[in-house]
Every structure is written in structure tokens, then in C-alpha cells.
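Chemist: Below: one structure in C-alpha cells.
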Amino acid sequence: MARLFRESRRDSTTSSSNGGGGLPSISVSGGGGGGISSPFPDLGVSLTAAELREAAYEVLVASSRTTGGKPLTYIPQSAAAASPASPASASSVNSSSTSSSPALFQRSLTSFSTSKMKKALGLKSSASSKGGSGSSISSPGSGGGGSKAAQRRPATVGELMRVQMQVSEPADARIRRGLLRIAASQLGRRAEAMVLPLEFLQQFKASDFPDPQEYEAWRSRNLKLLEAGLLVHPLVPLNKSDASAQRLRQIIRGAYDRPLETGKNSESMQVLRSACMSLAGRSDDGTSDGCHWADGFPLNLHLYQMLVEACFDNNDGTVVDEIDEVMELLKKTWVILGINQMLHNLCFAWALFNHFVMYGQDDIELLSAAENQLAEVAKDAKTTKDPNYSKVLSSTLSSIMGWTEKRLLAYHETFNTSNIESMQGIVSIGVSAARVLVEDISNEYRRRRKEETDVARSRIETYIRSSLRTAFAQRMEEADSKRSSRNPTPVLSILAKDIGDLAIKEKNLYSPILKTWHPLASGVAVATLHSCFGNELKQFIAGLTELTPDTVQVLKAADKLEKDLVNIAVEDSVDSDDGGKSLIREMPPYEAENAIANLVKVWIKERIDRLKGWVERNLKQETWNPGANRENIAPSSVEMLRVVGETLDAFFQLPIPMHPVLLPDLMFGLDRSLQLYVSKAKSGCGTRNTFMPQLPPLTRCEVGSNLLFKKKEKPQNPQYRGSQNGTANGADPLALPQLCVRLNTLQFMRGELENLEKKIKTGLRNVESAQADVTDGLDIKFELCQTACQEGIQQLCETTAYKVTFYDLGHVLWDILYVGDVASSRVEILLRELDPILETISGMVHNKVRNRAITALMKATFDGFLLVLLAGGPLRAFTRQDSQIIEDDFKSLKDLFLADGDGLPEELVDKASSQVKNVLPLLRTDSESLIDRFKRMMAESNRSAAKNRLPLPPTTGHWSPNEANTVLRVLCYRYDETATRFLKKTYNLPKKI
């Protein structure tokens, strides 16, 4: 404030000849921060604060002039400069008669007694603290730029008001000179009967101003005042058809475009006077002895608020010691501004509170004065129903309440032991404002019974809950900053202690103040804290992974906190109507049993997640080594089932009463984990289709060649060649022994699942909460894993069989069997290779899945044998005479799996070999018959085909004597001229790939 005021003095000093019109608009602000925004409605006219302040000062001087019969004289400032201590040292309006008493405006400030008004407001005089009586305020027009040498004490109340209202001495002189001229021309006429802006416009011309710009600003201000007071905010509402209003509006608008000529004899001024006086003289009852140009809402409030600001020292915001004299002056303006005691009380209450806010909120006396003044406002609100007053009252109290609530909704951040003294007054003002707003202004409240709402209690409860939630959140943030990801649990224990300390602080520091309006202030506070901590405790428990000592520590701390909070609530509500039952209902227990149940669910999830992670890690390292143990099973499966068993044991050892309820969650998780293991165990092994060879393109045999292929010619399908029975290589995860270990592992798990189910039933019967029929109705089965094991065993059997047949023995099938001369490359070499494989499977695979594995190998071998005959590539050719050799070889292959009665059942072998058995007769059928059969089949399936240009039949892989593709393949490998010629003519098949 001091800085701004010094700036205003510098401005007025550097342009002292400009008068008041050149002063900048300076809003009052204090050393402690900004004040509250004005609660009064916007004027709708671009009047600055400086313009309003000068207009208010004009009203003040006009209303305070001497009204005696003697003529008035003007004493310029320069004439009084020689005697600064004299009462007439300030420019003033004074009586020429020395015998008459000086007016209040010229009362000397050399000495005065203690202010009665300050005493009534509870304020102390500041004279002693300033080293003398009166205010030490320098004049804006006295020069010196605000230096200490230039500072002096105003000698009169009038000069004090000029300085307080930041009016320069030239502007003050012009105002007084104008009032002298007005008084001379209208002797005896009261100020309230004049339209001051109009009178000033008529008294001054441009020649009265040294600066044209200052004159333009001065004239513009007076026109805007007339517009605001007579057109925008008239006391009596205007009719749209009012001719005077239309004429005045045209004059003002025209004055902005073409400067209005001011002065007493100006024709334009006469027109302006006529329009203004006809509007200003209107009244509600049709009779008026005043001029209503400044008493319309809210113009009068803006003007009066500028006057009220003069009650406060410009440097420190305190109430001036001359408040009694200042108030006497202000009251003289009421008749002009239409202000009454109620409006004054409201404006002054807001000003007191606003200055408390602006100047650091440290002046408790100023706060107390605002509280006392607001009590007068509350009395006034009950006695009037004036709509204008009610509207301003609502706006003002809302502004005050908005500021107080911003602090009270987080009073833990706002108040502490150093400033707790101000809390009582701020709460009182906030509650008082709320009461008036609700009880005296709210129509809704008036329609209801007042007993239904306790405004004060409701507001205090809102403050308590909001502030404690904010304080709790702040402590949570502090706790989060200390939280460690490795050990987060103790932090909540520390938080519980901090909340306990917060509750004690609330009880001892804040509740004694708040109990004035809410008898259960402490109870509401602890109930709020109980709820806040309860929410965090639930989240904490939900985030736990297991019951640990730290968890127990937190639960104990929470239990202690709950007891402490409940004790405070009970102690606080002993004398309440319901004995505190409503508060206790607001503090439901933290429900340890439910918390434990949730913890167990978290425990289950953590164990299951850990088990799944274990599966992922260990199966990546599993080598499926057959020498790992005697059972030829994967060590990881043994460890997996051990972990599952330990998890079940740990579950049944938990001190909880709800094992049967939570068991399904655990079993489902374990079942999914076991299923995951089975899925991983068979993943990457492929399926039968993975190892099935891609069939070579169809070719025809070249009849007449002694050799079907050259010795240097590379055999086809090299992608299926591999080391013979490459099973001894332990590094190959898909070697035969490793595949056998996978099979055994899945079979082992199937058996162990049954043991686990028995273990669960026993565990349920042994828990403390067990009943006789505890296992009845519970579906204790690992269905997902059981199904996965069955499907996995089937898949691995087929994978093993086809991998051995088409990968491990691929070199026999594709490079040797029936290549060249059929008689010299028969099936014996394949049988020799199969024999050790069968021994490996018989010796390693569990007896419950052994036959399934051998059966799958048998089917794969038959498929491979048939593929050699029907899709062996151009290295093979068969005559009808070779058919007997092939049938004999096929019988030998079947005998291998029959093993003289020690192998597979004969009916099983016959069923598996039926497809080969059905195709073999085609090998001994003559080519002409085969060609006829093929044509007939193709004609039946494709009747629109042209003669001798039959389409190639699709390869289905389902070999059958009744399938065209099968017959065609027999012809492709038939070593005779008839078949060769047919294939050449019909399909133009090549002799080799």
C-alpha cells in the first residue's frame, strides 16, 4: 500500500497542474496481500476507481460546506502555506465571519480524545504507537515524492479526507472554487437538491484547465456520472418512452463524438440541464425535494465505498484515530447518496473485513471490529425486506463467506499455534455470514421450519470434515514419500501414529474454538479421521501379498488408532442427546475377519502367480533328461507338485475360519497353474502334421531304362533325413528318450492329481472349522489339468510316432526302401531300425501309456510305408510282379508289432493296417484295368471333362482303392509302357522332377 501511495504522490507532484482528472486509478492494497473483490454489481459504465473516488470527494465536500447566511470565501493553498499549523492551512471553504464556529470539515486535528467509535468497535487508539496524535500522512500534492522530509500531518479533518482519498491539491482547489461559484449563484440551495456533475459542468470551461486532455477527462467523467446516475442506475426506474431519458442519452452519445461545450451560458448546457433536472427530480411518490442522481443502486454504493475507504490509514490499513470526525462527515453524504444506517453498516463491515485481509490478516482488533460490525448487519437483515438491500447484502456476505470458507475448509493449513487467535473471529464471521444468507435471505429456508436446519452447526461440520480430509491427505503424501517398495508396511503404522497425534491436536487446539458452534466438534473430527484411515487401510490390505509380521504390526496400529478415535468420540458425546450413537454409527469397525479373508485371497493370488512364474522359468531350463531319476520323469514336475502340496499345507495352516469358502479360489488357481505346466510341457514338440512330409510332384516312369536313376543323382526329400534313431543325443529336446520323459511326466501328473484331491479332503476335515460333512457339495477336482494331461498324452504319442517315422527314419523311407530294384531294397532295413526304437519305448514309457505310444508308432509306420508306395518320388517304380514282395514286406511289418503275441493285440494291428491292406491289391492289378477304373472315377466326379484331358484329381491323403488320386499314383509308379503312355498323353507328366 505504501508503495502505491508513494507512486500516487509522485504522479500528482509531477503533474500537479492536471488536477484530479489526471490521477491514475489506484486500488487500495496492503502489505499482506490482495483484498477481496468488490461485492457490488458492476456499474456498466467505464468509471475507474480514481474517477469514482474524485466524484465521491466532490459529494463529501459539497455535503460538508457551511450553510450559514454569510457568503463563502475560497482560501487558496498557496496563501496558507506560510502558516502550516493554522486550521486554515489547507484549502477550504470557510466563513468570512471570524465569530462563527468553523465547520466540521475545517476542524483542527491538533488534539483529540480517544475515539468513541473505536472503543465501540473494540479498537485501541494508534496515536501512542505513532508518537503523537493524528495520522502521519503526506499530501498527494505537497511534493517531495513521498520522502520523509516532505511528510507532514494533516491539520484539519478536511485535509485528512483529501489525503486519504488521494485527491490532489489542484483538484481539491478546483472543486472548492466550483462549489463557491455554485453557492454564489444558488444561495441557500442545499447540496442534495443539486446534480453536482451537472453543476460542475456548468461552472467550468476548457479555459479553466491548463491541459486540454485533463479537461476532456474531467468532462468525460462528469458525463459518465450523469449516465450512470440518471440512465443506467436511476433511483426510480425509467420508462422506455421517457423523452428526457432519450434526450439525455442522445446528448451524452453526441458529446463523445462532438465535444460538449460547457460553461454557464452555453446553449448545449441548457439543453443538458433541462434533461438532467427532469430525470433527477422524479420520485416514487411524485413529490421530491432532492435530486436523485447518485442514490441509485449500485452507483451510490460504489461512491460510498470510496468514502468509507477514507476511514482506514493508507499505510497500514488500520482505522484512523479520527474515525469519529470522519464518520460525521460521511453521514452528511447519506442524503445525497441515499445511504441509510443499514447500508452504512454493511459497507463498513465489508471494509473492515477487507482491510483485515489486505494487510496480512494479523490485526486481530480489525477482525474483531469486523465481527462486531457484522453483528449489526445481522440485526439489520432481520428488520428489512428491501430487495435492493437484500441483493447487496447477499453479494457482500457471499464475498466474505467465500474468503473465510477457502481458509476454514482447510484450517489445518491456515491456522497453527502462531495465528490460532484469529481463527475464532474468522469462524465467527464465516458462520454469521452463512446464517444471514440462509436464515434471512434464503426463501427456501423461510418456507421450512427453522428447527430443521442448524446453519452454524452444519457449516462447522463441513469445515471440520473438509479440513481433516485435507490434513489426512497431506500426511498420506508425506508417508508416500517415505514409502519403500521393499518394505512398505511400516509406513502405514507410522501413519496411524501420525493420525492419532492429529486427533489429539484437533481435540486440544481447534475443537475448543469450534465447540462454540458445534458441541460434537471433536467427535465429528475423529469420525472423519476414522473414515479416512479406514479407506487407506482397505487399500493397504488389498495391496498386500501375504500375512507377514509387518502386516500384523499395521493391523495392531490400526486397532490402537481405532480405539483412540472411538474414545475421543465417546468422551466428546457423553452429554449429547443420543449419547454419541450417531457418531459411533459413522465409525464402523475395520472388520478384521473380512480383512483377513481379503488377505488370504491376496495370499492365494500371490502363491498362484509365483507358481505360474516358477513354471515359466523352470520349464525353460528343463532338459527332459531320462537319466534324472528312475521313473524317467521330469524333475520339474516333481518339484511342481511339491510346491502345490506345500501351498495346500500352508493354506490349511492359516488361522482362518473360512477354508471351505476360500478353497475353490485356491483350487482354481492351482488347477490353472498345473494346466499351464502341461501346456508348456507339450509346447514346442509339434504335432503329427509337423513331421508329415510334403508330397513330391507327380512323375511317370521311363520304360526301357536299365537303371531308374544315376548313382550320382541325389535322393529327394533331404529335409526328412536325420541321424538314425537320433535319440541318444541328450541335447535334443525332441529326441525319443526326451519325448518319452514328457509322456511319463504327464502320466505321473495324472496320478498325482488324484493324491492331491485326497490330500485336500483330509485337510478340510482337520481344520478347526471343519464339520462332519465339510467335503460334501464341494467339487474337489483338478478338471483343467486332468483334461490337459489326457490331450497332451495323445498329442505326444502322435508327435513321437511321426517324428521317429518321418524324421529319425526318414533316410530309410526316402533313400533306401524300394529305391531302384525292389527285391534288393526291401523292408528288412526298416525293421532293423524300428526294433531298437520299440525297445526304447517299451523300456522307458510308463506301462499305462506304453501301448498308446507303440500304437501311434505303428500307425505312423504304416502311413510311411504307404507314402513310399504312393508318393516315393521318381526314384521308385513298381511292376505287377513286385506286388507280392511288397505284400510280404507288409506282413513282416505287421508281425513286428504283433511280436508273436507279446506285442499289440491283433485286432488293433489289423485295424491300424486296414488302409494299407486295401490299397495293396491295386499294385497287382494290370495297367489297363487301372486306367479304366481311373477314367470311370473321374467321369463320375467330373462329367463335363473333355475326352483325354481329364483334370488332375486332388490329393486328399486318404488313400483308398476307390479314390481317383490313389489309382493315379499307382499308375505313376507302374513300370510299363501302357501306364507311361497314358500319363504322357493325358497329363504330360514328366519323367522326373
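FYI, nothing fancy with the C-alpha cells labels: chains A, B, ... in order, residues from 1 per chain, ligands from 1 as they appear.
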Fewer than 6 positions away in the same chain doesn't count, so skip those; otherwise give me all residues within 10 Å of range 426-433 of chain A, counting only C-alpha atoms, as a PyMOL selection string.
Modeler: chain A and resi 353+361+364+367-368+370-375+377-378+393-394+396-405+407-408+411+439+455-460+463+513-514+516-517
Chemist: Which residues, written as a count of residues only, have at least one atom at most 12 Å from Ala650 in chain A, with only C-alpha atoms counted and residues fewer than 2 positions away on the same chain left out?
Modeler: 22
Chemist: Which is closest to Lys118 in chain A among A:Leu838, A:Ile323, A:Ile182, A:Ile36, if we use only C-alpha atoms?
Modeler: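 Among A:Leu838, A:Ile323, A:Ile182, A:Ile36, it is A:Ile323 that comes nearest to Lys118 in chain A.
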Chemist: Set the distance at 9 Å and use only C-alpha atoms: which residues neighbour range 912-915 of chain A once local chain neighbours fewer than 2 positions away are removed? I'd like the list as a list in words.
Modeler: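 In the requested format, the answer is Thr855, Met858, Lys859, Phe862, Asp863, Leu866, Lys894, Glu907, Leu908, Val909, Asp910, Lys917, Asn918, Val919, Leu920, His958, Trp959 and Ser960 of chain A.
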Chemist: Would you please work out which residue, of A:Gln250, A:Thr966, A:Ile441, A:Asn315, is nearest to Pro387 in chain A when using only C-alpha atoms?
Modeler: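 For Pro387 in chain A, the nearest of the given residues is A:Ile441.
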Chemist: Just list as a PyMOL selection string whatever in range 387-495 of chain A DSSP marks as alpha helix (DSSP H).
Modeler: chain A and resi 387-408+411-414+421-435+443-447+455-482+489-495
Chemist: Using only C-alpha atoms, which of the listed residues (A:Asp976, A:Ile854, A:Val61, A:Ser278) sits closest to Glu159 in chain A?
Modeler: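 Counting only C-alpha atoms, the residue closest to Glu159 in chain A is A:Val61.
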Chemist: Let me make sure I understand: among A:Arg258, A:Arg700, A:Arg190, A:His233, which one has the smallest atom-to-atom distance to Gly290 in chain A if we use only C-alpha atoms?
Modeler: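 Smallest separation from Gly290 in chain A among the options: A:Arg190.
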Chemist: For range 466-482 of chain A, work out the shell of residues within 8 Å, counting only C-alpha atoms and skipping chain neighbours fewer than 6 positions away, then give it as a list of chain:residue names.
Modeler: A:Leu408, A:Leu409, A:Ala410, A:Tyr411, A:His412, A:Glu413, A:Val491, A:Leu492, A:Ile494, A:Leu495, A:Asp498, A:Ile499, A:Ala525, A:Thr528, A:Leu529, A:Cys532
Chemist: Write out the residues from the selection above, keeping N, CA, C and O atoms, as a PDB file, in the first residue's frame.
Modeler:
```
ATOM      1  N   LEU A 408     -11.221 -21.937   5.990  1.00  0.00           N
ATOM      2  CA  LEU A 408     -11.771 -22.836   7.004  1.00  0.00           C
ATOM      3  C   LEU A 408     -11.965 -24.243   6.479  1.00  0.00           C
ATOM      4  O   LEU A 408     -11.969 -25.198   7.260  1.00  0.00           O
ATOM      5  N   LEU A 409     -12.119 -24.389   5.184  1.00  0.00           N
ATOM      6  CA  LEU A 409     -12.238 -25.738   4.634  1.00  0.00           C
ATOM      7  C   LEU A 409     -10.913 -26.481   4.666  1.00  0.00           C
ATOM      8  O   LEU A 409     -10.867 -27.686   4.400  1.00  0.00           O
ATOM      9  N   ALA A 410      -9.839 -25.752   4.993  1.00  0.00           N
ATOM     10  CA  ALA A 410      -8.534 -26.388   5.197  1.00  0.00           C
ATOM     11  C   ALA A 410      -7.833 -25.674   6.348  1.00  0.00           C
ATOM     12  O   ALA A 410      -6.709 -25.205   6.229  1.00  0.00           O
ATOM     13  N   TYR A 411      -8.528 -25.581   7.510  1.00  0.00           N
ATOM     14  CA  TYR A 411      -7.998 -24.751   8.589  1.00  0.00           C
ATOM     15  C   TYR A 411      -6.717 -25.320   9.202  1.00  0.00           C
ATOM     16  O   TYR A 411      -5.954 -24.612   9.855  1.00  0.00           O
ATOM     17  N   HIS A 412      -6.436 -26.586   8.986  1.00  0.00           N
ATOM     18  CA  HIS A 412      -5.164 -27.135   9.476  1.00  0.00           C
ATOM     19  C   HIS A 412      -3.981 -26.519   8.739  1.00  0.00           C
ATOM     20  O   HIS A 412      -2.895 -26.397   9.310  1.00  0.00           O
ATOM     21  N   GLU A 413      -4.181 -26.158   7.483  1.00  0.00           N
ATOM     22  CA  GLU A 413      -3.127 -25.498   6.726  1.00  0.00           C
ATOM     23  C   GLU A 413      -3.087 -24.005   7.020  1.00  0.00           C
ATOM     24  O   GLU A 413      -2.039 -23.372   6.909  1.00  0.00           O
ATOM     25  N   VAL A 491       5.189 -48.044   7.022  1.00  0.00           N
ATOM     26  CA  VAL A 491       4.771 -46.671   6.769  1.00  0.00           C
ATOM     27  C   VAL A 491       3.342 -46.448   7.235  1.00  0.00           C
ATOM     28  O   VAL A 491       3.022 -45.417   7.811  1.00  0.00           O
ATOM     29  N   LEU A 492       2.476 -47.425   7.017  1.00  0.00           N
ATOM     30  CA  LEU A 492       1.093 -47.274   7.455  1.00  0.00           C
ATOM     31  C   LEU A 492       0.994 -47.287   8.979  1.00  0.00           C
ATOM     32  O   LEU A 492       0.107 -46.666   9.551  1.00  0.00           O
ATOM     33  N   ILE A 494       3.306 -45.913  10.869  1.00  0.00           N
ATOM     34  CA  ILE A 494       3.678 -44.536  11.203  1.00  0.00           C
ATOM     35  C   ILE A 494       2.517 -43.591  10.929  1.00  0.00           C
ATOM     36  O   ILE A 494       2.244 -42.672  11.709  1.00  0.00           O
ATOM     37  N   LEU A 495       1.812 -43.836   9.845  1.00  0.00           N
ATOM     38  CA  LEU A 495       0.653 -43.004   9.520  1.00  0.00           C
ATOM     39  C   LEU A 495      -0.403 -43.104  10.602  1.00  0.00           C
ATOM     40  O   LEU A 495      -1.005 -42.101  10.986  1.00  0.00           O
ATOM     41  N   ASP A 498       0.667 -40.925  13.329  1.00  0.00           N
ATOM     42  CA  ASP A 498       0.502 -39.512  12.962  1.00  0.00           C
ATOM     43  C   ASP A 498      -0.962 -39.083  13.036  1.00  0.00           C
ATOM     44  O   ASP A 498      -1.267 -37.970  13.470  1.00  0.00           O
ATOM     45  N   ILE A 499      -1.849 -39.961  12.615  1.00  0.00           N
ATOM     46  CA  ILE A 499      -3.276 -39.618  12.669  1.00  0.00           C
ATOM     47  C   ILE A 499      -3.744 -39.533  14.113  1.00  0.00           C
ATOM     48  O   ILE A 499      -4.587 -38.694  14.465  1.00  0.00           O
ATOM     49  N   ALA A 525     -14.644 -34.740  14.092  1.00  0.00           N
ATOM     50  CA  ALA A 525     -13.272 -34.797  13.594  1.00  0.00           C
ATOM     51  C   ALA A 525     -12.737 -36.224  13.599  1.00  0.00           C
ATOM     52  O   ALA A 525     -12.179 -36.703  12.604  1.00  0.00           O
ATOM     53  N   THR A 528     -14.299 -38.460  11.040  1.00  0.00           N
ATOM     54  CA  THR A 528     -13.750 -38.214   9.709  1.00  0.00           C
ATOM     55  C   THR A 528     -12.400 -38.898   9.544  1.00  0.00           C
ATOM     56  O   THR A 528     -12.124 -39.541   8.528  1.00  0.00           O
ATOM     57  N   LEU A 529     -11.549 -38.769  10.565  1.00  0.00           N
ATOM     58  CA  LEU A 529     -10.243 -39.423  10.512  1.00  0.00           C
ATOM     59  C   LEU A 529     -10.387 -40.937  10.460  1.00  0.00           C
ATOM     60  O   LEU A 529      -9.633 -41.620   9.760  1.00  0.00           O
ATOM     61  N   CYS A 532     -11.215 -41.825   6.915  1.00  0.00           N
ATOM     62  CA  CYS A 532     -10.077 -41.651   6.018  1.00  0.00           C
ATOM     63  C   CYS A 532      -9.062 -42.777   6.188  1.00  0.00           C
ATOM     64  O   CYS A 532      -8.597 -43.374   5.202  1.00  0.00           O
TER      65      CYS A 532
END
```
Chemist: Which one of A:Arg974, A:Arg162, A:Arg876, A:Arg585 sits closest to Trp814 in chain A if you count only C-alpha atoms?
Modeler: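 Nearest to Trp814 in chain A: A:Arg876.
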Chemist: Considering only C-alpha atoms, state which residue in the set A:Asn300, A:Glu702, A:Gln738, A:His355 is at the smallest distance from Lys991 in chain A.
Modeler: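 Closest candidate: A:Glu702.
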Chemist: Would you kindly return, as a ChimeraX atom specification, each protein, DNA or RNA residue with an atom no farther than 8 Å from any atom of range 266-270 of chain A, considering only C-alpha atoms and excluding same-chain residues fewer than 6 positions away?
Modeler: /A:201-202,260
Chemist: Once you have the residues from the selection above, write them out as a PDB file, in the first residue's frame, restricted to N, CA, C and O atoms.
Modeler:
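Output file part20.pdb is given in full below:
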```
ATOM      1  N   LEU A 201     -20.157  20.946 -14.555  1.00  0.00           N
ATOM      2  CA  LEU A 201     -20.029  21.142 -15.992  1.00  0.00           C
ATOM      3  C   LEU A 201     -20.406  22.570 -16.387  1.00  0.00           C
ATOM      4  O   LEU A 201     -19.846  23.155 -17.328  1.00  0.00           O
ATOM      5  N   GLN A 202     -21.379  23.142 -15.646  1.00  0.00           N
ATOM      6  CA  GLN A 202     -21.856  24.483 -15.992  1.00  0.00           C
ATOM      7  C   GLN A 202     -20.924  25.571 -15.453  1.00  0.00           C
ATOM      8  O   GLN A 202     -20.947  26.700 -15.919  1.00  0.00           O
ATOM      9  N   LEU A 260     -18.825  18.450 -26.016  1.00  0.00           N
ATOM     10  CA  LEU A 260     -19.897  19.304 -25.485  1.00  0.00           C
ATOM     11  C   LEU A 260     -19.296  20.584 -24.936  1.00  0.00           C
ATOM     12  O   LEU A 260     -18.327  20.551 -24.169  1.00  0.00           O
TER      13      LEU A 260
END
```
Chemist: List the spatial neighbours of Gly957 in chain A as an NGL selection string - criterion: any atom at most 12 Å away, only C-alpha atoms, same-chain residues fewer than 3 positions off excluded.
Modeler: :A and (689 or 692-695 or 863-864 or 866-867 or 870-871 or 915 or 953-954 or 960 or 963-966 or 969)
Chemist: Can I get the selected residues back with C-alpha atoms, as a PDB file, in the first residue's frame?
Modeler:
```pdb
ATOM      1  CA  ASN A 689       1.371 -82.718 -39.185  1.00  0.00           C
ATOM      2  CA  MET A 692       4.367 -85.283 -42.255  1.00  0.00           C
ATOM      3  CA  PRO A 693       6.382 -84.893 -45.498  1.00  0.00           C
ATOM      4  CA  GLN A 694       5.348 -82.670 -48.333  1.00  0.00           C
ATOM      5  CA  LEU A 695       4.454 -84.935 -51.266  1.00  0.00           C
ATOM      6  CA  ASP A 863       1.448 -94.285 -43.125  1.00  0.00           C
ATOM      7  CA  GLY A 864       5.122 -94.042 -44.050  1.00  0.00           C
ATOM      8  CA  LEU A 866       2.053 -96.363 -47.839  1.00  0.00           C
ATOM      9  CA  LEU A 867       3.631 -92.987 -48.726  1.00  0.00           C
ATOM     10  CA  LEU A 870       2.183 -93.856 -53.499  1.00  0.00           C
ATOM     11  CA  ALA A 871       4.437 -90.781 -53.158  1.00  0.00           C
ATOM     12  CA  GLN A 915      -5.781 -98.708 -45.178  1.00  0.00           C
ATOM     13  CA  PRO A 953      -7.693 -85.279 -59.099  1.00  0.00           C
ATOM     14  CA  PRO A 954      -6.919 -83.520 -55.830  1.00  0.00           C
ATOM     15  CA  SER A 960      -8.266 -95.807 -50.926  1.00  0.00           C
ATOM     16  CA  GLU A 963     -10.198 -92.723 -54.635  1.00  0.00           C
ATOM     17  CA  ALA A 964      -9.027 -91.415 -58.029  1.00  0.00           C
ATOM     18  CA  ASN A 965      -5.829 -89.824 -56.750  1.00  0.00           C
ATOM     19  CA  THR A 966      -4.749 -93.133 -55.186  1.00  0.00           C
ATOM     20  CA  ARG A 969      -0.446 -92.584 -58.109  1.00  0.00           C
TER      21      ARG A 969
END
```
